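The structure file protein.txt is reproduced below (compact mmCIF, C-alpha atoms).
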```txt
# COMPACT_ATOMS: atom_id res chain seq x y z
CA MET B 1 -14.89 16.32 8.75
CA ALA B 2 -18.65 16.46 8.81
CA SER B 3 -20.33 15.09 11.92
CA SER B 4 -23.36 12.80 11.95
CA ALA B 5 -26.27 12.85 14.35
CA ALA B 6 -27.07 9.20 13.68
CA SER B 7 -24.13 7.05 14.74
CA LYS B 8 -23.41 3.84 12.89
CA PRO B 9 -23.52 0.55 14.79
CA SER B 10 -20.21 -0.19 16.50
CA VAL B 11 -17.96 -2.75 14.81
CA VAL B 12 -15.58 -3.00 17.77
CA ASP B 13 -16.02 -3.64 21.47
CA PRO B 14 -17.25 -0.38 23.08
CA THR B 15 -14.87 -0.66 26.03
CA ASP B 16 -11.85 -1.16 23.75
CA LEU B 17 -13.08 1.62 21.49
CA LYS B 18 -13.28 4.13 24.34
CA SER B 19 -9.94 3.03 25.75
CA PHE B 20 -8.27 3.44 22.36
CA GLN B 21 -9.92 6.78 21.60
CA ASP B 22 -8.91 8.17 24.99
CA HIS B 23 -5.31 7.13 24.37
CA LEU B 24 -5.31 8.48 20.81
CA LYS B 25 -6.62 11.83 22.03
CA ASN B 26 -3.75 12.09 24.52
CA SER B 27 -1.08 10.78 22.14
CA LYS B 28 1.38 13.24 20.63
CA ARG B 29 3.78 11.13 18.55
CA ILE B 30 2.15 8.34 16.55
CA LEU B 31 3.23 5.74 14.00
CA ALA B 32 1.11 3.68 11.64
CA LEU B 33 2.55 0.57 9.97
CA LEU B 34 0.52 -0.53 6.95
CA GLY B 35 0.35 -3.80 5.03
CA ALA B 36 -1.65 -5.40 2.24
CA GLY B 37 -4.67 -5.99 4.48
CA LEU B 38 -5.38 -2.25 4.37
CA SER B 39 -6.36 -2.63 0.71
CA ALA B 40 -8.39 -5.82 1.13
CA SER B 41 -11.71 -3.99 0.73
CA SER B 42 -10.42 -2.39 -2.46
CA GLY B 43 -10.27 -5.84 -4.03
CA LEU B 44 -6.58 -6.07 -4.92
CA PRO B 45 -4.68 -9.38 -5.13
CA THR B 46 -1.67 -9.28 -2.82
CA PHE B 47 0.75 -11.99 -4.10
CA ARG B 48 2.17 -12.19 -0.61
CA GLY B 49 4.65 -14.74 0.62
CA ALA B 50 6.24 -17.83 -0.83
CA GLY B 51 3.84 -19.72 -3.02
CA GLY B 52 1.90 -16.67 -4.15
CA LEU B 53 1.47 -17.45 -7.84
CA TRP B 54 0.91 -15.27 -10.86
CA ARG B 55 0.03 -17.66 -13.67
CA THR B 56 2.56 -20.45 -12.98
CA HIS B 57 5.22 -18.11 -11.63
CA ASP B 58 6.08 -17.64 -7.99
CA ALA B 59 5.45 -13.92 -7.67
CA THR B 60 8.45 -13.48 -5.39
CA GLU B 61 10.70 -14.90 -8.10
CA LEU B 62 9.51 -12.25 -10.54
CA ALA B 63 10.39 -9.52 -8.03
CA THR B 64 14.16 -9.58 -8.47
CA PRO B 65 16.74 -7.73 -10.57
CA GLU B 66 17.85 -11.10 -11.91
CA ALA B 67 14.36 -11.92 -13.21
CA PHE B 68 14.19 -8.54 -14.93
CA ALA B 69 17.59 -9.05 -16.55
CA ARG B 70 16.55 -12.53 -17.69
CA ASP B 71 13.08 -11.70 -19.06
CA PRO B 72 12.12 -8.03 -18.72
CA GLY B 73 9.03 -8.56 -20.86
CA LEU B 74 7.58 -11.16 -18.49
CA VAL B 75 8.40 -9.09 -15.38
CA TRP B 76 6.85 -6.00 -16.95
CA GLN B 77 3.69 -7.92 -17.85
CA PHE B 78 3.36 -8.93 -14.18
CA TYR B 79 3.86 -5.37 -12.93
CA ASN B 80 1.78 -3.75 -15.65
CA TYR B 81 -1.04 -6.13 -14.65
CA ARG B 82 -0.67 -5.00 -11.03
CA ARG B 83 -0.66 -1.34 -12.09
CA HIS B 84 -3.77 -1.92 -14.18
CA MET B 85 -5.57 -3.66 -11.30
CA ALA B 86 -4.59 -0.92 -8.84
CA LEU B 87 -5.81 1.81 -11.16
CA GLY B 88 -9.13 -0.01 -11.47
CA ALA B 89 -9.47 -0.12 -7.68
CA LYS B 90 -10.49 2.72 -5.38
CA PRO B 91 -9.16 3.74 -1.99
CA ASN B 92 -11.44 2.43 0.73
CA PRO B 93 -12.59 4.20 3.93
CA ALA B 94 -9.50 2.97 5.81
CA HIS B 95 -7.21 4.86 3.41
CA TYR B 96 -9.32 7.99 3.78
CA ALA B 97 -9.51 7.74 7.56
CA LEU B 98 -5.72 7.52 7.79
CA ALA B 99 -5.35 10.43 5.37
CA ALA B 100 -7.73 12.57 7.43
CA LEU B 101 -5.92 11.75 10.68
CA ALA B 102 -2.55 12.47 9.06
CA LYS B 103 -3.75 15.87 7.85
CA LYS B 104 -4.98 16.74 11.33
CA ARG B 105 -1.92 15.52 13.26
CA GLY B 106 0.83 16.83 10.97
CA ASP B 107 4.46 15.75 11.25
CA GLU B 108 4.06 14.13 14.68
CA PHE B 109 2.22 11.27 12.93
CA ILE B 110 4.13 9.29 10.33
CA THR B 111 2.83 6.38 8.29
CA LEU B 112 5.14 3.57 7.18
CA SER B 113 3.53 1.70 4.31
CA GLN B 114 4.69 -1.61 2.86
CA ASN B 115 2.09 -1.24 0.09
CA VAL B 116 3.02 -0.32 -3.48
CA ASP B 117 -0.54 0.01 -4.81
CA GLY B 118 -0.76 3.82 -4.77
CA LEU B 119 -4.09 3.86 -2.91
CA SER B 120 -2.89 5.87 0.09
CA PRO B 121 -1.57 8.73 -2.10
CA ARG B 122 -4.78 8.65 -4.15
CA ALA B 123 -6.76 9.00 -0.90
CA GLY B 124 -4.95 12.29 -0.26
CA HIS B 125 -2.55 11.05 2.41
CA PRO B 126 0.05 13.83 2.89
CA ALA B 127 3.18 12.83 1.00
CA GLU B 128 5.51 14.37 3.57
CA THR B 129 4.39 11.96 6.30
CA LEU B 130 3.74 8.88 4.15
CA LYS B 131 6.87 6.76 3.92
CA LEU B 132 6.69 4.13 1.18
CA LEU B 133 9.07 1.45 2.42
CA HIS B 134 8.81 -0.66 -0.74
CA GLY B 135 8.40 2.08 -3.34
CA SER B 136 5.44 2.40 -5.69
CA LEU B 137 4.08 0.67 -8.77
CA PHE B 138 3.58 4.16 -10.19
CA ASP B 139 7.18 5.27 -9.93
CA LEU B 140 9.39 4.41 -12.88
CA LYS B 141 13.18 4.35 -12.86
CA CYS B 142 16.08 3.37 -15.07
CA SER B 143 17.44 -0.13 -14.58
CA SER B 144 20.99 0.94 -15.45
CA PHE B 145 23.34 1.04 -12.47
CA PHE B 146 24.92 4.21 -13.83
CA CYS B 147 21.70 6.20 -14.34
CA ASN B 148 19.60 7.90 -11.64
CA HIS B 149 16.54 8.64 -13.76
CA MET B 150 13.31 8.48 -11.70
CA GLU B 151 9.76 9.48 -12.62
CA ARG B 152 7.22 9.78 -9.83
CA ASP B 153 3.48 9.17 -10.03
CA ASN B 154 3.24 7.90 -13.59
CA TYR B 155 -0.30 6.59 -14.00
CA THR B 156 -0.06 5.80 -17.73
CA ASP B 157 -1.93 2.58 -18.47
CA PRO B 158 -0.44 0.67 -20.16
CA VAL B 159 3.14 1.79 -19.59
CA CYS B 160 3.78 1.22 -23.30
CA PRO B 161 1.62 -0.10 -26.17
CA ALA B 162 3.17 -3.57 -26.11
CA LEU B 163 1.92 -4.07 -22.53
CA ALA B 164 -1.74 -3.32 -23.24
CA ILE B 165 -4.06 -5.79 -21.50
CA PRO B 166 -5.82 -7.84 -24.20
CA THR B 167 -9.60 -7.55 -24.38
CA GLU B 168 -12.57 -9.55 -25.58
CA PRO B 169 -16.12 -8.54 -26.54
CA GLY B 170 -17.82 -7.26 -23.40
CA THR B 171 -21.42 -8.05 -24.31
CA ASP B 172 -23.47 -10.68 -26.06
CA ASN B 173 -25.70 -8.01 -27.58
CA PRO B 174 -25.16 -8.24 -31.37
CA ILE B 175 -26.09 -4.56 -31.74
CA ASP B 176 -23.39 -3.33 -29.36
CA THR B 177 -20.13 -4.55 -30.89
CA THR B 178 -17.87 -1.91 -29.29
CA ALA B 179 -18.01 -2.92 -25.60
CA LYS B 180 -14.85 -4.66 -24.44
CA ARG B 181 -13.70 -6.27 -21.23
CA ASP B 182 -10.18 -7.06 -20.10
CA LEU B 183 -8.91 -10.60 -20.25
CA ASP B 184 -7.49 -11.86 -16.97
CA ILE B 185 -3.88 -12.44 -17.90
CA SER B 186 -3.21 -13.87 -14.44
CA ASN B 187 -5.14 -16.92 -15.71
CA ILE B 188 -2.81 -19.45 -17.31
CA SER B 189 -5.45 -20.26 -19.95
CA VAL B 190 -5.10 -16.74 -21.41
CA PRO B 191 -2.20 -16.67 -23.90
CA LEU B 192 0.64 -14.36 -22.89
CA PRO B 193 2.86 -13.07 -25.69
CA SER B 194 6.62 -12.84 -25.44
CA ILE B 195 7.57 -9.14 -25.51
CA PRO B 196 11.08 -8.27 -26.69
CA ALA B 197 13.12 -5.66 -24.81
CA SER B 198 13.01 -3.41 -27.87
CA GLU B 199 9.26 -2.87 -27.33
CA LEU B 200 9.60 -2.00 -23.63
CA PRO B 201 10.07 1.58 -22.34
CA HIS B 202 13.64 2.89 -22.47
CA CYS B 203 15.19 5.55 -20.29
CA PRO B 204 14.82 9.07 -21.74
CA THR B 205 17.90 10.22 -19.83
CA CYS B 206 20.63 7.71 -20.68
CA GLN B 207 18.81 6.39 -23.80
CA THR B 208 20.13 2.86 -23.21
CA GLY B 209 18.73 1.46 -19.96
CA LEU B 210 15.31 -0.14 -19.72
CA ILE B 211 12.72 1.54 -17.52
CA ARG B 212 11.62 -0.68 -14.63
CA PRO B 213 8.99 -0.42 -11.88
CA GLY B 214 10.04 1.77 -8.97
CA VAL B 215 9.42 -0.91 -6.36
CA VAL B 216 11.96 -2.53 -4.06
CA TRP B 217 12.82 -5.98 -5.28
CA PHE B 218 14.21 -8.83 -3.22
CA GLY B 219 17.92 -8.28 -2.66
CA GLU B 220 17.63 -4.49 -2.96
CA SER B 221 17.98 -1.89 -0.23
CA LEU B 222 14.99 0.06 1.01
CA PRO B 223 14.87 3.69 -0.19
CA GLY B 224 17.61 5.70 1.52
CA LYS B 225 15.64 8.92 2.02
CA VAL B 226 12.67 7.01 3.44
CA MET B 227 14.89 5.11 5.86
CA ASP B 228 16.62 8.33 6.94
CA ASP B 229 13.23 9.90 7.72
CA VAL B 230 12.12 6.87 9.73
CA ASP B 231 15.41 6.77 11.63
CA ALA B 232 15.11 10.47 12.41
CA PHE B 233 11.67 9.91 13.91
CA PHE B 234 12.99 7.18 16.21
CA ASP B 235 16.31 8.90 16.95
CA SER B 236 14.72 12.13 18.19
CA GLY B 237 14.76 10.78 21.74
CA GLU B 238 11.13 11.79 22.27
CA GLN B 239 8.53 9.35 23.51
CA VAL B 240 6.38 7.50 21.00
CA ASP B 241 2.85 7.20 22.35
CA LEU B 242 1.13 4.86 19.89
CA ILE B 243 1.92 2.53 17.00
CA MET B 244 -0.95 1.18 14.90
CA VAL B 245 -0.22 -2.04 13.00
CA ILE B 246 -2.81 -2.25 10.23
CA GLY B 247 -3.28 -5.09 7.76
CA THR B 248 0.13 -6.64 8.33
CA SER B 249 1.56 -9.41 10.48
CA SER B 250 4.71 -7.26 10.85
CA LYS B 251 6.81 -10.39 11.15
CA VAL B 252 9.38 -9.42 8.50
CA TYR B 253 12.15 -6.95 9.20
CA PRO B 254 12.49 -4.01 9.25
CA ALA B 255 8.72 -3.74 9.83
CA ALA B 256 8.84 -6.17 12.77
CA GLY B 257 11.55 -4.08 14.41
CA TYR B 258 9.50 -0.88 14.28
CA VAL B 259 6.93 -2.34 16.67
CA ASP B 260 9.64 -3.24 19.16
CA ASP B 261 11.38 0.14 18.73
CA ALA B 262 8.14 2.04 19.30
CA ARG B 263 7.25 -0.09 22.32
CA ALA B 264 10.71 0.54 23.80
CA MET B 265 10.03 4.27 23.49
CA GLY B 266 6.79 4.02 25.45
CA ALA B 267 4.25 3.23 22.74
CA ARG B 268 1.12 1.18 23.19
CA VAL B 269 0.32 -1.10 20.25
CA ALA B 270 -2.99 -1.29 18.41
CA VAL B 271 -3.38 -4.09 15.84
CA VAL B 272 -6.09 -4.01 13.16
CA ASN B 273 -6.19 -7.25 11.20
CA MET B 274 -8.62 -9.76 9.72
CA ASP B 275 -6.88 -12.58 11.61
CA ARG B 276 -6.05 -12.09 15.28
CA ARG B 277 -3.27 -14.65 14.91
CA ASP B 278 -1.41 -12.08 12.81
CA ALA B 279 0.03 -10.37 15.86
CA PRO B 280 3.44 -8.64 15.75
CA LYS B 281 6.50 -10.88 15.85
CA SER B 282 7.15 -9.97 19.48
CA GLY B 283 3.55 -10.75 20.43
CA MET B 284 0.92 -8.78 22.28
CA CYS B 285 1.43 -7.16 25.67
CA GLU B 286 -0.90 -6.00 28.41
CA GLY B 287 -2.44 -2.71 27.36
CA ASP B 288 -2.29 -3.48 23.62
CA TRP B 289 -5.43 -3.55 21.49
CA MET B 290 -6.41 -6.19 18.96
CA PHE B 291 -9.19 -5.08 16.61
CA GLU B 292 -10.15 -8.07 14.49
CA GLY B 293 -11.89 -7.36 11.20
CA ASP B 294 -11.81 -5.23 8.08
CA ALA B 295 -9.74 -2.06 8.45
CA ALA B 296 -12.18 -0.26 6.13
CA ALA B 297 -14.89 -0.65 8.78
CA ILE B 298 -12.72 -0.35 11.88
CA LEU B 299 -10.48 2.67 11.23
CA PRO B 300 -13.23 5.23 10.57
CA GLU B 301 -14.77 4.21 13.90
CA LEU B 302 -11.49 4.29 15.83
CA PHE B 303 -10.72 7.79 14.52
CA ARG B 304 -14.27 9.16 14.64
CA GLU B 305 -13.68 11.41 17.65
CA GLU B 306 -10.70 12.96 15.84
CA ILE B 307 -11.91 13.22 12.26
CA GLY B 308 -15.70 13.10 12.63
CA GLU B 309 -18.03 10.87 10.66
CA LEU B 310 -16.32 10.04 7.38
CA LYS B 311 -18.79 10.81 4.61
CA GLU B 312 -18.67 10.48 0.84
CA GLU B 313 -18.07 14.20 0.36
CA ASP B 314 -15.20 14.08 2.87
CA MET B 315 -13.51 11.31 0.91
CA LYS B 316 -13.91 13.25 -2.32
CA ASP B 317 -12.38 16.32 -0.67
CA LEU B 318 -9.41 14.31 0.58
CA ALA B 319 -8.79 12.71 -2.81
CA GLY B 320 -8.95 16.11 -4.47
CA ASN B 321 -6.24 17.65 -2.32
```

For this file, produce the structure as structure tokens.
Amino acid sequence: MASSAASKPSVVDPTDLKSFQDHLKNSKRILALLGAGLSASSGLPTFRGAGGLWRTHDATELATPEAFARDPGLVWQFYNYRRHMALGAKPNPAHYALAALAKKRGDEFITLSQNVDGLSPRAGHPAETLKLLHGSLFDLKCSSFFCNHMERDNYTDPVCPALAIPTEPGTDNPIDTTAKRDLDISNISVPLPSIPASELPHCPTCQTGLIRPGVVWFGESLPGKVMDDVDAFFDSGEQVDLIMVIGTSSKVYPAAGYVDDARAMGARVAVVNMDRRDAPKSGMCEGDWMFEGDAAAILPELFREEIGELKEEDMKDLAGN
């Protein structure tokens, strides 16, 4: 990364910053655990937790196989909206800082992400060390139990014509009649059509099953290959030096357990979160770091000694790889 003669003002306590950077420099095996707070500066809605509503629907109740079987059109409209929003967002400096550190550290640094928004891959985070615990909005798979069809990194927007986000005139200028802007279909006042299953994407392999988002729904197992890779990292018997908990309260398992597992293997814990009350389930210990604030501002500073000053051209280079 390019260096900068003029340092930016510090956003974290200088003593904590030096302590963390010294430990990072001497750390060999590192974990990062990511949550929705990582993407806060990218402007994405999170729909986290009970009571998170999309229109009048509890978002968690749309994230089940049963909901998809009952009304696949409604579920697809929710997920197509999320895909559309994610594609309209950009990775922020926190995504790029993690990608740069991952490229430098190689396979001794693995990143466990609970995010499905696709921003870490778009920031150039190496796929081999990025473990997507909950899948991706941009993976598509067959909903049939008997079919293994899977398509990775499908960024088609909309997924099919019937799911196109409705628009309205985007300007009051009577001369320019072509400009359009998207309607916010998360707003209950915007009419939402009922879409029959026949107009939704069907599996090209088995020809019968409906295509569904490649995310992990409630009641489903986490991806087997991802879990095997994570287990292999912990089961190696080697010390873990550092776990960074970024944008997540890590209070839900298995994420909560990874903090305890890493700590048991010698790791110090660094938490980066907007709310210092969002500490890991097992709490904070002596020697841990709590960096309160926006990860997009904090991570580039924490990693500066390793990756240099993160500049616009660096982020473009990362995204292009």

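Look at region 124-130 of chain B: the protein and nucleic acid residues within 9 Å of it, using only C-alpha atoms and passing over chain neighbours fewer than 4 places away, are His95, Tyr96, Leu98, Ala99, Ala100, Leu101, Ala102, Lys103, Gly106, Asp107, Glu108, Phe109, Ile110, Thr111, Leu112, Ser113, Leu119, Ser120, Met315, Asp317, Leu318, Ala319, Gly320 and Asn321 of chain B.
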
Shortest interatomic distance to Arg277 (chain B) - which of B:Met290, B:Ala255, B:Ala232, B:Ala63, counting only C-alpha atoms: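 Ranking B:Met290, B:Ala255, B:Ala232, B:Ala63 by distance to Arg277 (chain B), first place goes to B:Met290.
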
Test item: residues at most 12 Å from Asp13 (chain B), only C-alpha atoms, excluding those fewer than 6 positions along its chain, as a list of chain:residue names: B:Ser19, B:Phe20, B:Trp289, B:Met290, B:Phe291, B:Glu292, B:Gly293, B:Ile298, B:Glu301, B:Leu302

Expressed in Å to a single decimal, how great is the separation between CA of Ala69 (chain B) and CA of Pro161 (chain B)?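 Computing the Euclidean distance for CA of Ala69 (chain B) and CA of Pro161 (chain B) yields 20.7 Å.
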
Near region 226-229 of chain B, within 9 Å and counting all atoms listed in the file, which residues show up once chain neighbours fewer than 6 positions away are dropped, as a count of residues only? 3

The distance between CA of Leu62 (chain B) and CA of Leu74 (chain B) is 8.3 Å

Excluding His134 (chain B) and its own-chain neighbours fewer than 2 positions away, which residues fall within 7 Å of it when counting all atoms listed in the file? Please give them as a list of chain:residue names.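 With the cut-off at 7 Å, the set is B:Gln114, B:Asn115, B:Val116, B:Leu132, B:Ser136, B:Val215, B:Val216, B:Leu222.
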
For the residues in the current selection, export C-alpha atoms as a PDB file, in the frame of the given file.
```
ATOM      1  CA  GLN B 114       4.690  -1.610   2.860  1.00  0.00           C
ATOM      2  CA  ASN B 115       2.090  -1.240   0.090  1.00  0.00           C
ATOM      3  CA  VAL B 116       3.020  -0.320  -3.480  1.00  0.00           C
ATOM      4  CA  LEU B 132       6.690   4.130   1.180  1.00  0.00           C
ATOM      5  CA  SER B 136       5.440   2.400  -5.690  1.00  0.00           C
ATOM      6  CA  VAL B 215       9.420  -0.910  -6.360  1.00  0.00           C
ATOM      7  CA  VAL B 216      11.960  -2.530  -4.060  1.00  0.00           C
ATOM      8  CA  LEU B 222      14.990   0.060   1.010  1.00  0.00           C
TER       9      LEU B 222
END
```

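Interatomic distance, CA of Ala40 (chain B) against CA of Ala297 (chain B): 11.3 Å.
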
Can you build me a table of region 55-74 of chain B residues sitting at most 12 Å from region 206-210 of chain B, with the closest atom pair per residue and its distance in Å to one decimal, using only C-alpha atoms, sorted by chain and residue number, as a tab-separated table?
```
residue	atom	partner	partner_atom	distance
B:Pro65	CA	B:Leu210	CA	12.0
B:Phe68	CA	B:Leu210	CA	9.7
B:Ala69	CA	B:Leu210	CA	9.7
B:Asp71	CA	B:Leu210	CA	11.8
B:Pro72	CA	B:Leu210	CA	8.6
B:Gly73	CA	B:Leu210	CA	10.6
```

Dump as a list of chain:residue names all residues having an atom at most 9 Å from (-7.5, -10.8, 7.6), computed in the file's coordinates with all atoms listed in the file. B:Gly37, B:Ala40, B:Gly247, B:Thr248, B:Val272, B:Asn273, B:Met274, B:Asp275, B:Arg276, B:Asp278, B:Glu292, B:Gly293, B:Asp294

What does the file look like for those residues with C-alpha atoms, as a PDB file, keeping the file's coordinate frame?
```
ATOM      1  CA  GLY B  37      -4.670  -5.990   4.480  1.00  0.00           C
ATOM      2  CA  ALA B  40      -8.390  -5.820   1.130  1.00  0.00           C
ATOM      3  CA  GLY B 247      -3.280  -5.090   7.760  1.00  0.00           C
ATOM      4  CA  THR B 248       0.130  -6.640   8.330  1.00  0.00           C
ATOM      5  CA  VAL B 272      -6.090  -4.010  13.160  1.00  0.00           C
ATOM      6  CA  ASN B 273      -6.190  -7.250  11.200  1.00  0.00           C
ATOM      7  CA  MET B 274      -8.620  -9.760   9.720  1.00  0.00           C
ATOM      8  CA  ASP B 275      -6.880 -12.580  11.610  1.00  0.00           C
ATOM      9  CA  ARG B 276      -6.050 -12.090  15.280  1.00  0.00           C
ATOM     10  CA  ASP B 278      -1.410 -12.080  12.810  1.00  0.00           C
ATOM     11  CA  GLU B 292     -10.150  -8.070  14.490  1.00  0.00           C
ATOM     12  CA  GLY B 293     -11.890  -7.360  11.200  1.00  0.00           C
ATOM     13  CA  ASP B 294     -11.810  -5.230   8.080  1.00  0.00           C
TER      14      ASP B 294
END
```

Using all atoms listed in the file, the residue out of B:Phe138, B:Glu305, B:Glu61, B:Gln77 with shortest distance to Pro196 (chain B) is B:Gln77

Taking all atoms listed in the file into account, which of B:Gly219, B:Gly52, B:Pro201, B:Pro91 comes nearest Thr156 (chain B)? B:Pro201
